[in-house]
Amino acid sequence: MIDKRVGSVAEAVAPVTDGSVVMVGGFGEVGSPIELIHALIDQGAKDLTAVNNNTGNGEVGLAALIGNGRVTRMVCSYPRSSHSKVFPELYRAGRIELELVPQGTLAERIRAGGAGIPAFYTPCSVGTPLAEGKELRDLDGGTYVLERWLRADYALIKCEVADRLGNLTYNKTARNFSPLMCMAAATTIVQARRIVEPGEIDPEHVVTPGIFVDRVVEVPDPLVESRLIAEGRSYPW
Amino acid sequence: MVTPSPGAGWSREEMAARAARDIPDGAYVNLGIGIPELVARFVPEGRTFLYHTENGLLGMGPPPAPGEEDPELINAGKRPVTMIPGASFFHHADSFAMIRGGHLDVCVLGAMQVSREGDLANWSTGEPGAIPAVGGAMDLVVGVKTVLVLTQHVTKTGEPKIVERCTYPLTGRRVVSRIYTDLAVIEVAREGLRLLETAPGVTEDEVRDKTGAPLA
């Protein structure tokens with residue numbers, strides 16, 4: 001019987017090793033798997049490359065992973081935000097590397113990684129500093145830049161409903177990068193608000209088919225990052 | 001309500017209302033963060049726009065009433081929004097397929113600089129120590145059919161933002177169609193910039209003085 005459920009967030013992130021590439025779902029705090037990230041901080045893996053649209057907020061979640069010195073390299077599109085201070089400080093101090101990727105190119109590189117396509121041409125960033133040093137090609141009257149796929153050792157994902165086969169649904173704009181990251185990681189680890197029996201999710205409504213998911217843990221009432229920041233919390237507590 | 005500008009020229013709301021007049025009924029529209037977001041408040045009578053927000057929602061509605069916010073329903077500026085009947089959610093690859101694939105009709109963006117050829121710079125000053133952040137701007141400018149720019153005519157220190165050639169790092173080359181400022185509406189034509197309209201109380205000479213590129 002296939003059963004991808006695990007009993008705790010600690011067990012879920014146990015296999016992550018030093019030096020891993022870890023994709024983290026979420027757009028800002030929305031869709032961010034905060035319990036899995038905190039479990040990863042407790043677990044201790046370091047020298048990580050993290051892939052996310054942003055760099056976290058305050059001193060919890062992704063920002064805490066970075067602030068605790070576990071991330072040496074960040075791949076993202078928008079490392080600034082009103083509550084982002086951990087990354088900018090480390091970046092200015094030269095203690096973390098940044099690969100800045102336009103948001104749509106980031107999404108497509110991750111999609112390509114999951115789809116087995118090692119490179120693709122896109123019009124995005126042609127003529128800008130972000131295309132410098134990359135191969136350009138004229139096709140059908142336009143100029144395009146070659147971008148490489150992005151794959152990961154692990155993806156940390158938050159979803160709304162999962163079943164034990166790993167089928168997932170999301171909630172509203174919390175979906176964002178998560179379905180792509182599930183496809184692009186060798187091992188995809190998911191926290192779900194609710195885990196149900198196979199068949200309870202209408203097959204027409206499955207967003208991420210279970211084949212892209214390896215481990216599922218139930219976190220019924222996930223923390224809300226902005227509330228923790230308003231309370232001045234910092235992880236580890 | 002449009003708040004009139006205290007002096008000569010258009011207020012931010014008037015600039016947004018002026019840009020909204022040029023967006024056709026039924027358009028699929030993406031609004032950038034900041035002043036461009038105001039456009040949604042000034043949709044001309046009898047027209048409907050469908051709003052796309054690149055974090056994964058088509059059919060975005062107005063901001064929710066206080067206390068009605070849904071923490072998992074936000075826009076690209078990470079602020080709470082609502083959705084209209086007929087809205088849809090999708091992941092980022094689909095969202096940027098809509099953008100890059102030419103399916104969106106109009107996007108409205110802010111600018112640090114726009115050149116006479118329609119080059120746009122709006123993501124980085126390129127200064128040492130600045131944290132570069134690009135988000136979806138580079139995808140929007142290459143993919144959306146019509147790119148409108150909404151910006152003050154000059155910087156806070158009075159430097160022209162419409163220039164012969166951008167000095168800041170580019171977001172895209174030859175991508176801007178029209179520029180709406182507090183002083184004027186300017187079209188980016190093949191042969192160069194064309195002054196289409198000046199704000200009430202603003203002369204063509206004043207606009208030319210404050211523009212760093214020739215205006216036909």
# chains A, B, ... in the order shown; residues from 1 in each chain; ligands from 1
$ residues_around --residues "range 172-183 of chain B" --least-positions-apart "2" --cutoff "7 Å" --atoms "only C-alpha atoms" --output "ChimeraX atom specification"
/A:125,127-128 /B:9-11,15,19,117-120,138,141-142,146-153,170,185-188,198-199,202,207
$ residues_around --residues "Leu180 in chain A" --least-positions-apart "2" --cutoff "10 Å" --atoms "only C-alpha atoms" --output "PyMOL selection string"
(chain A and resi 23+25+107-115+155+175-178+182-185+208+212) or (chain B and resi 91-93)
$ interface_residues --of "chain B" --to "chain A" --cutoff "8 Å" --atoms "only C-alpha atoms" --output "number ranges by chain"
B: 55-57, 71-74, 78, 89-93, 96, 100, 129, 131-139, 142, 169-173
$ select_by_dssp --residues "range 10-212 of chain B" --states "helix (DSSP H, G or I)" --output "PyMOL selection string"
chain B and resi 12-21+35-42+92-100+137-143+204-209
$ closest_residue --among "A:Glu11, A:Gly166, A:Ala152, A:Tyr121" --to "Leu136 in chain A" --atoms "only C-alpha atoms"
A:Tyr121
$ atom_distance --atom1 "CA of Glu218 in chain A" --atom2 "CA of Ile189 in chain A"
11.2 Å
$ residues_around --residues "Val219 in chain A" --least-positions-apart "5" --cutoff "10 Å" --atoms "only C-alpha atoms" --output "list of chain:residue names"
A:Ser8, A:Val9, A:Pro33, A:Glu35, A:Leu36, A:Lys158, A:Cys159, A:Glu160, A:Val190, A:Gln191, A:Ala192, A:Arg193, A:Arg194, A:Ile195
